$ cat work.cif   # mmCIF, C-alpha atoms
data_final
#
loop_
_atom_site.label_atom_id
_atom_site.label_comp_id
_atom_site.auth_asym_id
_atom_site.auth_seq_id
_atom_site.Cartn_x
_atom_site.Cartn_y
_atom_site.Cartn_z
CA MET A 1 -13.01 -3.64 -37.90
CA SER A 2 -15.40 -0.88 -36.88
CA ASN A 3 -15.57 0.38 -33.35
CA LEU A 4 -18.70 0.27 -31.21
CA TYR A 5 -19.74 3.83 -32.01
CA GLU A 6 -19.39 3.36 -35.76
CA VAL A 7 -21.48 0.18 -35.65
CA ASP A 8 -24.07 1.89 -33.46
CA PHE A 9 -24.21 4.89 -35.83
CA LYS A 10 -24.72 2.58 -38.81
CA PHE A 11 -27.44 0.69 -36.92
CA GLN A 12 -29.26 3.93 -36.01
CA GLU A 13 -28.96 5.16 -39.60
CA MET A 14 -30.44 1.93 -40.93
CA MET A 15 -33.27 2.04 -38.37
CA GLU A 16 -34.23 5.52 -39.60
CA LEU A 17 -34.24 4.27 -43.19
CA LEU A 18 -36.40 1.31 -42.15
CA GLU A 19 -38.91 3.61 -40.42
CA ASN A 20 -39.17 5.63 -43.62
CA GLN A 21 -39.32 2.42 -45.70
CA MET A 22 -36.26 3.51 -47.66
CA TYR A 23 -34.28 0.39 -48.52
CA VAL A 24 -30.89 1.88 -49.38
CA ASP A 25 -27.37 0.59 -48.81
CA THR A 26 -25.87 3.16 -46.41
CA GLU A 27 -22.35 2.74 -47.81
CA SER A 28 -22.95 2.69 -51.59
CA GLY A 29 -26.33 4.45 -51.77
CA GLU A 30 -27.76 1.62 -53.98
CA CYS A 31 -31.43 0.74 -53.77
CA LEU A 32 -32.02 -2.65 -52.13
CA THR A 33 -34.90 -5.01 -51.91
CA GLU A 34 -36.63 -5.20 -48.54
CA GLU A 35 -35.10 -8.64 -48.01
CA GLU A 36 -31.55 -7.43 -48.80
CA PHE A 37 -32.01 -4.42 -46.54
CA ASN A 38 -33.27 -6.60 -43.66
CA GLN A 39 -30.28 -8.92 -44.14
CA GLN A 40 -27.89 -5.93 -43.83
CA LEU A 41 -29.80 -4.65 -40.80
CA ASP A 42 -29.54 -8.07 -39.14
CA ASN A 43 -25.79 -8.14 -39.87
CA VAL A 44 -25.30 -4.69 -38.32
CA ALA A 45 -27.44 -5.63 -35.31
CA MET A 46 -25.39 -8.82 -34.90
CA ALA A 47 -22.13 -6.86 -35.19
CA LEU A 48 -23.37 -4.43 -32.53
CA SER A 49 -24.38 -7.29 -30.27
CA ASP A 50 -21.00 -8.98 -30.79
CA LYS A 51 -19.16 -5.73 -30.00
CA ILE A 52 -21.05 -5.29 -26.75
CA GLU A 53 -20.63 -8.92 -25.76
CA ASN A 54 -16.91 -9.01 -26.59
CA THR A 55 -16.29 -5.75 -24.75
CA MET A 56 -18.06 -6.97 -21.63
CA VAL A 57 -16.29 -10.35 -21.76
CA PHE A 58 -13.01 -8.46 -21.93
CA TYR A 59 -14.20 -6.31 -19.00
CA LYS A 60 -14.89 -9.45 -16.95
CA ASN A 61 -11.44 -10.80 -17.82
CA VAL A 62 -9.82 -7.57 -16.66
CA LEU A 63 -11.77 -7.74 -13.38
CA SER A 64 -10.64 -11.33 -12.97
CA ASP A 65 -7.03 -10.21 -13.43
CA VAL A 66 -7.55 -7.50 -10.81
CA GLU A 67 -8.86 -10.10 -8.33
CA GLN A 68 -5.87 -12.34 -9.04
CA PHE A 69 -3.56 -9.38 -8.42
CA LYS A 70 -5.28 -8.75 -5.08
CA ILE A 71 -4.86 -12.40 -4.09
CA GLU A 72 -1.21 -12.38 -5.13
CA GLN A 73 -0.63 -9.08 -3.33
CA LYS A 74 -2.11 -10.55 -0.14
CA LYS A 75 0.15 -13.61 -0.45
CA LEU A 76 3.19 -11.38 -1.00
CA MET A 77 2.26 -9.22 2.00
CA GLU A 78 1.99 -12.35 4.15
CA ARG A 79 5.36 -13.61 2.90
CA ARG A 80 6.90 -10.16 3.49
CA LYS A 81 5.57 -10.13 7.06
CA VAL A 82 7.02 -13.60 7.72
CA LYS A 83 10.43 -12.49 6.41
CA GLU A 84 10.32 -9.24 8.44
CA ASN A 85 9.52 -11.21 11.59
CA LEU A 86 12.35 -13.65 10.87
CA ALA A 87 14.77 -10.75 10.33
CA ASN A 88 13.69 -9.16 13.63
CA ARG A 89 14.08 -12.46 15.50
CA LEU A 90 17.58 -12.97 14.09
CA LYS A 91 18.65 -9.43 14.98
CA ASN A 92 17.10 -9.70 18.46
CA ARG A 93 18.88 -13.02 19.06
CA ILE A 94 22.31 -11.47 18.38
CA ASP A 95 21.35 -8.29 20.28
CA HIS A 96 20.32 -10.35 23.32
CA TYR A 97 23.54 -12.41 23.15
CA VAL A 98 25.80 -9.34 22.95
CA LYS A 99 23.95 -7.49 25.73
CA MET A 100 24.15 -10.62 27.89
CA LYS A 101 27.96 -10.51 27.56
CA TYR A 102 27.95 -6.94 28.95
CA THR A 103 25.47 -7.57 31.77
CA ASP A 104 26.68 -8.03 35.36
CA GLU A 105 25.30 -10.51 37.88
CA ASN A 106 22.68 -7.95 39.02
CA GLY A 107 21.23 -7.70 35.50
CA VAL A 108 22.63 -4.22 34.80
CA VAL A 109 24.03 -3.64 31.30
CA ASP A 110 27.38 -1.84 31.09
CA THR A 111 26.22 0.72 28.54
CA GLN A 112 29.61 2.41 28.19
CA ALA A 113 31.36 -0.83 27.26
CA LEU A 114 28.48 -1.91 25.04
CA ASN A 115 28.52 1.43 23.23
CA LYS A 116 32.18 0.82 22.34
CA TRP A 117 31.60 -2.78 21.16
CA LYS A 118 31.98 -3.33 17.44
CA PHE A 119 31.91 -6.37 15.16
CA GLU A 120 33.05 -6.10 11.58
CA THR A 121 33.67 -8.54 8.74
CA PRO A 122 33.80 -7.89 4.99
CA ARG A 123 30.05 -8.58 4.78
CA VAL A 124 28.63 -7.27 8.07
CA LYS A 125 29.25 -4.43 10.47
CA LEU A 126 27.55 -4.30 13.89
CA SER A 127 27.71 -1.55 16.47
CA TYR A 128 25.56 0.09 19.12
CA ARG A 129 24.26 3.63 19.08
CA LYS A 130 22.82 5.58 21.97
CA SER A 131 19.36 7.02 21.65
CA SER A 132 16.86 8.48 24.04
CA ILE A 133 13.09 8.55 24.03
CA VAL A 134 10.50 10.31 26.12
CA ASP A 135 8.59 7.90 28.33
CA ILE A 136 5.18 9.21 29.39
CA GLN A 137 4.56 7.85 32.86
CA ASP A 138 1.33 9.72 33.65
CA ILE A 139 -0.46 11.48 30.82
CA ASN A 140 -2.58 13.49 33.25
CA LEU A 141 0.51 15.18 34.76
CA ILE A 142 1.80 16.49 31.41
CA PRO A 143 1.44 20.29 31.23
CA GLN A 144 -1.26 21.42 28.78
CA GLU A 145 1.18 23.35 26.57
CA TYR A 146 2.74 20.02 25.49
CA ILE A 147 -0.55 18.45 24.41
CA LYS A 148 -1.68 18.92 20.81
CA ASP A 149 -5.31 19.88 20.20
CA ARG A 150 -6.22 19.52 23.89
CA LYS A 151 -6.56 15.76 23.59
CA LEU A 152 -5.29 13.29 26.15
CA THR A 153 -3.72 10.47 24.15
CA GLU A 154 -0.02 9.70 24.07
CA ASN A 155 0.07 10.32 20.29
CA ASP A 156 -1.08 13.89 20.88
CA ILE A 157 1.79 14.85 23.17
CA LYS A 158 4.59 17.05 21.82
CA LYS A 159 7.34 14.63 22.78
CA SER A 160 10.04 16.43 20.82
CA GLU A 161 9.53 19.59 22.88
CA ILE A 162 9.48 17.60 26.13
CA LYS A 163 12.67 15.79 25.04
CA LYS A 164 14.47 19.11 24.50
CA LEU A 165 13.53 20.21 28.03
CA LEU A 166 14.52 16.91 29.63
CA THR A 167 17.90 16.79 27.83
CA SER A 168 18.62 20.36 28.95
CA GLY A 169 18.12 19.23 32.57
CA GLN A 170 14.65 20.61 33.21
CA GLU A 171 11.88 18.47 34.67
CA VAL A 172 8.49 17.81 33.10
CA ASN A 173 5.85 16.24 35.32
CA GLY A 174 4.68 12.85 34.06
CA ALA A 175 7.61 12.28 31.67
CA THR A 176 11.13 10.90 31.88
CA LEU A 177 13.96 10.44 29.42
CA VAL A 178 14.91 6.81 28.77
CA GLU A 179 18.35 6.02 27.32
CA ASN A 180 18.59 3.09 24.89
CA LEU A 181 21.38 1.35 23.04
CA ASN A 182 20.24 0.23 19.61
CA MET A 183 22.09 -2.30 17.50
CA GLN A 184 23.08 -0.93 14.10
CA VAL A 185 23.54 -3.41 11.27
CA LYS A 186 25.25 -2.32 8.07
#

$ encode --input "work.cif" --output "structure tokens"
Amino acid sequence: MSNLYEVDFKFQEMMELLENQMYVDTESGECLTEEEFNQQLDNVAMALSDKIENTMVFYKNVLSDVEQFKIEQKKLMERRKVKENLANRLKNRIDHYVKMKYTDENGVVDTQALNKWKFETPRVKLSYRKSSIVDIQDINLIPQEYIKDRKLTENDIKKSEIKKLLTSGQEVNGATLVENLNMQVK
């Protein structure tokens, strides 16, 4: 089967012959009657039309597939989000239970004991790990050298540099170091 460009070339070639009233078969070079020539021209025109139509129908089918992929992707993203939320709820439930066991009557968690707590089976291993984050209490009190690009949003603060200062014992106005215990699941 000829491709679109070959059919188009043949159609253009036949149109030139028609304009010059030369009724010749473009493949064999035989002389044709006007009726035979017009029949061939109609066949080539029909083939060109069919090529264009079939190509564009295929194009529409591909676009339809793309839309179906988008719909399926959205469904999968929603399902993923549901599963992530369920996983977080399950982890938080166990985290809350364990921390409750190491909390005194005043609501204070015994971080040293909790940091030593471990749970291990052949399929699951739980433990707690200490971490610390910089808590920005007042963004306006942060010294200018710790603000990126002179902006005043919390995302534009050089927290890693502030954390190094706070862990070394220095003070930074407007920021404190908060110690956390994070559950590790392996």

$ closest_atom_pairs --input "work.cif" --of "region 79-153 of chain A" --to "region 160-168 of chain A" --cutoff "8 Å" --atoms "only C-alpha atoms" --output "JSON lines"
{"residue": "A:Ile133", "atom": "CA", "partner": "A:Lys163", "partner_atom": "CA", "distance": 7.3}
{"residue": "A:Val134", "atom": "CA", "partner": "A:Lys163", "partner_atom": "CA", "distance": 6.0}
{"residue": "A:Tyr146", "atom": "CA", "partner": "A:Ile162", "partner_atom": "CA", "distance": 7.2}

$ write_last_selection --input "work.cif" --atoms "C-alpha atoms" --output "JSON list (two decimals), keeping the file's coordinate frame"
[["chain", "number", "residue", "atom", "x", "y", "z"],
["A", 133, "ILE", "CA", 13.09, 8.55, 24.03],
["A", 134, "VAL", "CA", 10.50, 10.31, 26.12],
["A", 146, "TYR", "CA", 2.74, 20.02, 25.49]]

$ atom_distance --input "work.cif" --atom1 "CA of Phe9 (chain A)" --atom2 "CA of Thr33 (chain A)"
21.7 Å

$ atom_distance --input "work.cif" --atom1 "CA of Val44 (chain A)" --atom2 "CA of Leu18 (chain A)"
13.2 Å

$ resolve_selection --input "work.cif" --expression "the PyMOL selection byres ((chain A and resi 48) around 8)" --output "ChimeraX atom specification"
/A:4,7-8,11,44-47,49-52

$ resolve_selection --input "work.cif" --expression "the PyMOL selection byres ((chain A and resi 127-130) around 6)" --output "list in words"
Asn115, Lys118, Leu126, Ser131, Asn180, Leu181, Asn182, Met183 and Gln184 of chain A

$ residues_around --input "work.cif" --residues "Glu36 (chain A)" --least-positions-apart "6" --cutoff "10 Å" --atoms "only C-alpha atoms" --output "PyMOL selection string"
chain A and resi 23-25+42

$ atom_distance --input "work.cif" --atom1 "CA of Lys81 (chain A)" --atom2 "CA of Gln68 (chain A)"
19.9 Å

$ closest_residue --input "work.cif" --among "A:Gln21, A:Gln170, A:Thr176, A:Asn85" --to "Asp138 (chain A)" --atoms "all atoms listed in the file"
A:Thr176

$ resolve_selection --input "work.cif" --expression "the PyMOL selection byres ((chain A and resi 147) around 6)" --output "PyMOL selection string"
chain A and resi 144-146+148+150+156-158

$ decode --input "work.cif" --residues "region 8-30 of chain A" --atoms "N, CA and C atoms" --output "short mmCIF file (atom, residue, chain, number, x, y, z; two decimals), in the first residue's frame"
data_model
loop_
_atom_site.label_atom_id
_atom_site.label_comp_id
_atom_site.auth_asym_id
_atom_site.auth_seq_id
_atom_site.Cartn_x
_atom_site.Cartn_y
_atom_site.Cartn_z
N ASP A 8 -0.24 11.30 -2.93
CA ASP A 8 -0.35 12.72 -3.25
C ASP A 8 0.49 13.06 -4.48
N PHE A 9 1.71 12.52 -4.57
CA PHE A 9 2.57 12.77 -5.72
C PHE A 9 1.91 12.27 -7.00
N LYS A 10 1.33 11.07 -6.95
CA LYS A 10 0.66 10.51 -8.12
C LYS A 10 -0.53 11.38 -8.50
N PHE A 11 -1.28 11.86 -7.51
CA PHE A 11 -2.44 12.72 -7.78
C PHE A 11 -1.99 14.02 -8.45
N GLN A 12 -0.94 14.64 -7.93
CA GLN A 12 -0.43 15.89 -8.51
C GLN A 12 0.07 15.66 -9.94
N GLU A 13 0.75 14.54 -10.15
CA GLU A 13 1.25 14.20 -11.47
C GLU A 13 0.10 14.03 -12.47
N MET A 14 -0.94 13.37 -12.03
CA MET A 14 -2.10 13.16 -12.91
C MET A 14 -2.85 14.47 -13.18
N MET A 15 -2.88 15.36 -12.16
CA MET A 15 -3.54 16.65 -12.37
C MET A 15 -2.79 17.48 -13.43
N GLU A 16 -1.47 17.42 -13.41
CA GLU A 16 -0.68 18.12 -14.43
C GLU A 16 -0.96 17.56 -15.82
N LEU A 17 -1.04 16.23 -15.91
CA LEU A 17 -1.35 15.61 -17.20
C LEU A 17 -2.74 16.02 -17.68
N LEU A 18 -3.69 16.11 -16.74
CA LEU A 18 -5.06 16.50 -17.10
C LEU A 18 -5.10 17.92 -17.63
N GLU A 19 -4.33 18.83 -16.95
CA GLU A 19 -4.29 20.22 -17.39
C GLU A 19 -3.75 20.34 -18.81
N ASN A 20 -2.80 19.47 -19.14
CA ASN A 20 -2.20 19.49 -20.46
C ASN A 20 -2.94 18.57 -21.45
N GLN A 21 -4.03 18.00 -21.00
CA GLN A 21 -4.86 17.08 -21.78
C GLN A 21 -4.03 15.94 -22.36
N MET A 22 -3.14 15.42 -21.49
CA MET A 22 -2.34 14.26 -21.87
C MET A 22 -2.85 13.08 -21.05
N TYR A 23 -3.55 12.17 -21.72
CA TYR A 23 -4.17 11.05 -21.03
C TYR A 23 -3.25 9.83 -21.09
N VAL A 24 -2.30 9.82 -20.12
CA VAL A 24 -1.27 8.77 -20.09
C VAL A 24 -1.32 8.10 -18.73
N ASP A 25 -1.12 6.76 -18.75
CA ASP A 25 -1.00 6.02 -17.49
C ASP A 25 0.37 6.35 -16.90
N THR A 26 0.38 6.89 -15.68
CA THR A 26 1.64 7.36 -15.08
C THR A 26 2.59 6.21 -14.74
N GLU A 27 2.09 5.01 -14.58
CA GLU A 27 2.95 3.88 -14.24
C GLU A 27 3.52 3.20 -15.48
N SER A 28 2.66 2.95 -16.48
CA SER A 28 3.13 2.19 -17.66
C SER A 28 3.51 3.09 -18.83
N GLY A 29 3.00 4.34 -18.83
CA GLY A 29 3.28 5.25 -19.93
C GLY A 29 2.36 5.03 -21.13
N GLU A 30 1.35 4.14 -21.02
CA GLU A 30 0.41 3.86 -22.11
C GLU A 30 -0.53 5.05 -22.31
#
